[in-house]
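Asks: Structure supplied as structure-v5.txt; contents: compact mmCIF, C-alpha atoms.
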# COMPACT_ATOMS: atom_id res chain seq x y z
CA MET N 26 0.00 0.00 0.00
CA ALA N 27 1.31 3.44 -0.91
CA GLN N 28 2.01 5.96 1.79
CA MET N 29 -0.98 8.19 2.50
CA GLY N 30 -0.77 11.93 2.08
CA GLU N 31 -1.37 14.38 4.88
CA ILE N 32 -4.92 15.34 3.89
CA THR N 33 -5.87 11.69 3.40
CA LEU N 34 -4.50 10.81 6.83
CA ALA N 35 -6.19 13.74 8.54
CA MET N 36 -9.56 12.88 7.04
CA LEU N 37 -9.12 9.16 7.71
CA ASN N 38 -8.56 10.09 11.35
CA GLN N 39 -11.81 12.05 11.31
CA HIS N 40 -13.69 9.12 9.78
CA GLU N 41 -12.30 6.86 12.52
CA ILE N 42 -13.56 9.24 15.22
CA VAL N 43 -17.03 9.47 13.69
CA ASN N 44 -17.20 5.69 13.21
CA ARG N 45 -16.10 5.07 16.80
CA ILE N 46 -18.83 7.38 18.13
CA LEU N 47 -21.43 5.58 15.99
CA LEU N 48 -20.17 2.22 17.27
CA ASP N 49 -20.48 3.49 20.88
CA PHE N 50 -24.06 4.50 20.13
CA GLU N 51 -24.87 1.13 18.57
CA LYS N 52 -23.72 -0.67 21.73
CA ILE N 53 -26.30 0.93 24.02
CA SER N 54 -29.78 -0.41 24.63
CA LYS N 55 -32.94 1.47 23.75
CA GLU N 56 -33.64 1.73 27.48
CA ASP N 57 -30.44 3.70 28.02
CA THR N 58 -31.48 7.21 28.99
CA TYR N 59 -28.45 8.57 27.15
CA GLN N 60 -29.46 7.09 23.78
CA LYS N 61 -30.48 10.49 22.36
CA VAL N 62 -27.46 12.22 23.91
CA LYS N 63 -25.10 9.68 22.34
CA PHE N 64 -26.79 9.91 18.96
CA ASP N 65 -26.65 13.70 19.15
CA LEU N 66 -22.90 13.45 19.85
CA PHE N 67 -22.53 11.32 16.72
CA LYS N 68 -24.54 13.82 14.64
CA TRP N 69 -22.59 16.80 16.02
CA ASN N 70 -19.26 15.26 15.07
CA LEU N 71 -20.48 14.02 11.70
CA ASN N 72 -21.83 17.49 10.90
CA LYS N 73 -18.47 19.05 11.81
CA HIS N 74 -16.77 16.55 9.53
CA ILE N 75 -19.18 17.35 6.69
CA PHE N 76 -18.60 21.06 7.30
CA ILE N 77 -14.84 20.56 6.93
CA GLU N 78 -15.35 18.72 3.67
CA GLU N 79 -17.89 21.08 2.16
CA GLU N 80 -16.34 24.35 3.31
CA ASN N 81 -12.63 23.56 3.41
CA ILE N 82 -11.82 20.69 1.08
CA PHE N 83 -14.38 20.54 -1.72
CA PRO N 84 -13.85 24.22 -2.67
CA VAL N 85 -10.24 23.50 -3.66
CA SER N 86 -11.33 20.92 -6.21
CA ASP N 87 -10.18 21.38 -9.79
CA LYS N 88 -13.24 22.88 -11.50
CA SER N 89 -11.72 22.12 -14.90
CA ASN N 90 -11.42 18.40 -14.13
CA PRO N 91 -14.68 16.59 -15.01
CA ARG N 92 -13.70 13.50 -13.02
CA GLU N 93 -13.02 15.51 -9.87
CA MET N 94 -16.23 17.49 -10.28
CA LYS N 95 -18.22 14.25 -10.68
CA GLN N 96 -16.60 12.93 -7.49
CA ILE N 97 -17.67 16.10 -5.66
CA GLN N 98 -21.24 15.72 -6.93
CA ASN N 99 -21.34 12.11 -5.71
CA LEU N 100 -19.87 13.00 -2.32
CA LEU N 101 -22.36 15.85 -1.87
CA LYS N 102 -25.19 13.47 -2.77
CA ASP N 103 -23.86 11.09 -0.11
CA HIS N 104 -23.98 13.91 2.43
CA LYS N 105 -27.59 14.64 1.52
CA ASP N 106 -28.52 10.95 1.75
CA ILE N 107 -26.69 10.56 5.07
CA LYS N 108 -28.56 13.54 6.54
CA GLY N 109 -31.88 12.07 5.36
CA ILE N 110 -31.14 8.72 7.01
CA ILE N 111 -30.15 10.52 10.21
CA ARG N 112 -33.49 12.39 10.24
CA ASN N 113 -35.27 9.02 10.05
CA LEU N 114 -33.13 7.60 12.85
CA ASP N 115 -33.91 10.67 14.97
CA GLU N 116 -37.62 9.94 14.51
CA GLU N 117 -37.12 6.33 15.61
CA ILE N 118 -35.31 7.50 18.75
CA ALA N 119 -38.07 10.04 19.46
CA ASP N 120 -40.60 7.20 19.20
CA GLY N 121 -38.66 5.24 21.83
CA ARG N 122 -37.25 2.69 19.39
CA LYS N 123 -33.67 1.55 18.98
CA PRO N 124 -32.82 2.64 15.43
CA ASN N 125 -31.28 0.25 12.94
CA THR N 126 -28.10 1.97 11.77
CA ALA N 127 -27.09 -0.69 9.19
CA ILE N 128 -28.02 1.41 6.14
CA LEU N 129 -26.29 4.47 7.59
CA ARG N 130 -23.18 2.45 8.42
CA GLU N 131 -23.03 1.00 4.88
CA LEU N 132 -23.40 4.43 3.26
CA LEU N 133 -20.74 5.90 5.55
CA PHE N 134 -18.40 3.03 4.66
CA GLN N 135 -18.92 3.49 0.91
CA HIS N 136 -18.53 7.26 1.22
CA GLU N 137 -15.32 6.93 3.23
CA GLU N 138 -13.91 4.41 0.78
CA ARG N 139 -14.46 6.76 -2.19
CA GLU N 140 -12.79 9.61 -0.35
CA ILE N 141 -9.83 7.72 1.09
CA GLU N 142 -9.11 5.59 -1.98
CA SER N 143 -9.49 8.24 -4.66
CA PHE N 144 -10.56 11.79 -3.83
CA TYR N 145 -8.18 12.76 -1.01
CA PRO N 146 -5.11 11.10 -2.53
CA ARG N 147 -5.64 13.14 -5.71
CA LEU N 148 -5.76 16.33 -3.64
CA ASP N 149 -2.64 15.30 -1.76
CA MET N 150 -0.82 14.88 -5.07
CA ARG N 151 -2.19 17.99 -6.78
CA LEU N 152 -2.19 20.71 -4.12
CA SER N 153 0.83 22.81 -3.27
CA PRO N 154 2.49 22.32 0.12
CA GLU N 155 1.28 25.78 1.18
CA ARG N 156 -2.34 25.00 0.28
CA LYS N 157 -2.20 21.64 2.05
CA LYS N 158 -0.75 23.33 5.14
CA LEU N 159 -3.67 25.78 5.21
CA ILE N 160 -6.24 23.00 4.77
CA LEU N 161 -4.64 20.93 7.53
CA ARG N 162 -4.61 23.92 9.88
CA GLN N 163 -8.31 24.48 9.22
CA ILE N 164 -9.08 20.80 9.80
CA LYS N 165 -7.37 21.02 13.21
CA GLU N 166 -9.42 24.09 14.12
CA VAL N 167 -12.64 22.07 13.94
CA LYS N 168 -12.08 19.47 16.62
CA LEU N 169 -14.09 16.27 16.68
CA ARG N 170 -15.31 14.47 19.79
Reformat the file's structure so that it appears as structure tokens.

Replies:
Amino acid sequence: MAQMGEITLAMLNQHEIVNRILLDFEKISKEDTYQKVKFDLFKWNLNKHIFIEEENIFPVSDKSNPREMKQIQNLLKDHKDIKGIIRNLDEEIADGRKPNTAILRELLFQHEEREIESFYPRLDMRLSPERKKLILRQIKEVKLR
């Protein structure tokens, strides 16, 4: 496996944090009084991660590269779909049910795979060291967990 670039590593770290929080949520029972609190923690961190992507990383995409623009469109669609699933899970929690997160987990996995395997490595190769340094600084400013 090739060595990962700095942006790829930073975002992989974020994905690991978000996934760990979701896993913590999945381990609790529906009777746990902190179910909503734990799910809200997951949403808060996922939304910060999405913010970083949409406001910090996606804007530096190469607008003249059709492949990169198509990747951005697909990733933004994933974000929309993820938010829709989360709204449904919120409703299940509000109704006192333990939500099934399998569909969410699968979409998050597919989304992460597209980013880590293709999108971020291309940015790591294409962006200047100065631009990467700025992006990495901004990623660190939005702390997860």

Asks: Put a box with edges along x, y and z around all the listed atoms of stretch 137-149 of chain N, pad it by 6 Å on each side, then give me its centre and sizes in Å, one decimal, as JSON.

Replies:
{"center_x": -9.0, "center_y": 10.4, "center_z": -1.2, "size_x": 24.7, "size_y": 23.9, "size_z": 20.9}

Asks: Rounded to one decimal, what separation in Å do you get between atom CA of N:Arg151 and atom CA of N:Gly30?

Replies: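 The value is 10.8 Å.
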
Asks: Considering all atoms listed in the file, state which residue in the set N:Glu78, N:Glu117, N:Glu31, N:Glu56 is at the smallest distance from N:Glu140.

Replies: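 Answer, going by the shortest atom-to-atom distance: N:Glu78.
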
Asks: May I have a table of the residues of stretch 50-113 of chain N lying at most 12 Å from stretch 159-170 of chain N, giving each one's closest pair of atoms and their distance in Å to one decimal, counting only C-alpha atoms, ordered by chain and ascending residue number, as a Markdown table?

Replies:
| residue | atom | partner | partner_atom | distance |
| --- | --- | --- | --- | --- |
| N:Lys63 | CA | N:Arg170 | CA | 11.2 |
| N:Asp65 | CA | N:Arg170 | CA | 11.4 |
| N:Leu66 | CA | N:Arg170 | CA | 7.7 |
| N:Phe67 | CA | N:Arg170 | CA | 8.5 |
| N:Lys68 | CA | N:Arg170 | CA | 10.6 |
| N:Trp69 | CA | N:Arg170 | CA | 8.5 |
| N:Asn70 | CA | N:Leu169 | CA | 5.5 |
| N:Leu71 | CA | N:Leu169 | CA | 8.4 |
| N:Asn72 | CA | N:Leu169 | CA | 9.7 |
| N:Lys73 | CA | N:Val167 | CA | 6.9 |
| N:His74 | CA | N:Leu169 | CA | 7.6 |
| N:Ile75 | CA | N:Val167 | CA | 10.8 |
| N:Phe76 | CA | N:Val167 | CA | 9.0 |
| N:Ile77 | CA | N:Ile164 | CA | 6.4 |
| N:Glu78 | CA | N:Ile164 | CA | 9.0 |
| N:Glu79 | CA | N:Ile164 | CA | 11.7 |
| N:Glu80 | CA | N:Gln163 | CA | 10.0 |
| N:Asn81 | CA | N:Ile160 | CA | 6.6 |
| N:Ile82 | CA | N:Ile160 | CA | 7.1 |
| N:Phe83 | CA | N:Ile160 | CA | 10.7 |
| N:Pro84 | CA | N:Ile160 | CA | 10.7 |
| N:Val85 | CA | N:Ile160 | CA | 9.3 |

Asks: Write the residues you've just listed into a file as a PDB file, in the frame of the given file, and include C-alpha atoms for each of them.

Replies:
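Below is the file out35.pdb, written as the result:
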ATOM      1  CA  LYS N  63     -25.100   9.680  22.340  1.00  0.00           C
ATOM      2  CA  ASP N  65     -26.650  13.700  19.150  1.00  0.00           C
ATOM      3  CA  LEU N  66     -22.900  13.450  19.850  1.00  0.00           C
ATOM      4  CA  PHE N  67     -22.530  11.320  16.720  1.00  0.00           C
ATOM      5  CA  LYS N  68     -24.540  13.820  14.640  1.00  0.00           C
ATOM      6  CA  TRP N  69     -22.590  16.800  16.020  1.00  0.00           C
ATOM      7  CA  ASN N  70     -19.260  15.260  15.070  1.00  0.00           C
ATOM      8  CA  LEU N  71     -20.480  14.020  11.700  1.00  0.00           C
ATOM      9  CA  ASN N  72     -21.830  17.490  10.900  1.00  0.00           C
ATOM     10  CA  LYS N  73     -18.470  19.050  11.810  1.00  0.00           C
ATOM     11  CA  HIS N  74     -16.770  16.550   9.530  1.00  0.00           C
ATOM     12  CA  ILE N  75     -19.180  17.350   6.690  1.00  0.00           C
ATOM     13  CA  PHE N  76     -18.600  21.060   7.300  1.00  0.00           C
ATOM     14  CA  ILE N  77     -14.840  20.560   6.930  1.00  0.00           C
ATOM     15  CA  GLU N  78     -15.350  18.720   3.670  1.00  0.00           C
ATOM     16  CA  GLU N  79     -17.890  21.080   2.160  1.00  0.00           C
ATOM     17  CA  GLU N  80     -16.340  24.350   3.310  1.00  0.00           C
ATOM     18  CA  ASN N  81     -12.630  23.560   3.410  1.00  0.00           C
ATOM     19  CA  ILE N  82     -11.820  20.690   1.080  1.00  0.00           C
ATOM     20  CA  PHE N  83     -14.380  20.540  -1.720  1.00  0.00           C
ATOM     21  CA  PRO N  84     -13.850  24.220  -2.670  1.00  0.00           C
ATOM     22  CA  VAL N  85     -10.240  23.500  -3.660  1.00  0.00           C
TER      23      VAL N  85
END

Asks: With a distance cut-off of 12 Å and all atoms listed in the file, select the neighbouring residues of N:Phe50, excluding the residue or stretch itself and same-chain residues fewer than 4 positions from it, and output the selection as a PyMOL selection string.

Replies: chain N and resi 43-46+54-55+57-68+118+123-126+130

Asks: With a distance cut-off of 10 Å and only C-alpha atoms, select the neighbouring residues of N:Asp103, excluding the residue or stretch itself and same-chain residues fewer than 6 positions from it, and output the selection as an MDAnalysis selection string.

Replies: chainID N and resid 97 109 132:133 135:136

Asks: When you draw a straight line from atom CA of N:Leu48 to atom CA of N:Ile111, how long is it in Å?

Replies: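 Atom CA of N:Leu48 sits 14.8 Å away from atom CA of N:Ile111.
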
Asks: How far is it from atom CA of N:Gly121 to atom CA of N:Lys102, in Å with one decimal?

Replies: 29.2 Å

Asks: Can you work out which one of N:Ser143, N:Ser86, N:Ala127, N:Glu137 has the shortest atom-to-atom distance to N:Gln39, counting only C-alpha atoms?

Replies: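 Closest to N:Gln39 of all the choices is N:Glu137.
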
Asks: May I ask which of the residues N:Asp49, N:Gln96, N:Ile128, N:Arg122 is the closest one to N:Leu148, counting all atoms listed in the file?

Replies: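 The closest residue to N:Leu148 is N:Gln96.
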
Asks: Nearest residue to N:Met150 out of N:Lys108, N:Leu34, N:His40, N:Met29, using all atoms listed in the file?

Replies: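 Smallest distance to N:Met150 is found for N:Met29.
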
Asks: Given the choices N:Ile107, N:Leu114, N:Gln98, N:Pro146, which gets closest to N:Phe134 if the distance is worked out from only C-alpha atoms?

Replies: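 Going through N:Ile107, N:Leu114, N:Gln98, N:Pro146 one by one, the smallest distance to N:Phe134 is for N:Ile107.
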
Asks: With distances taken over only C-alpha atoms, which residue among N:Lys88, N:Glu155, N:Glu93, N:Leu100 lies nearest N:Glu138?

Replies: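 Of all the options, N:Leu100 lies closest to N:Glu138.
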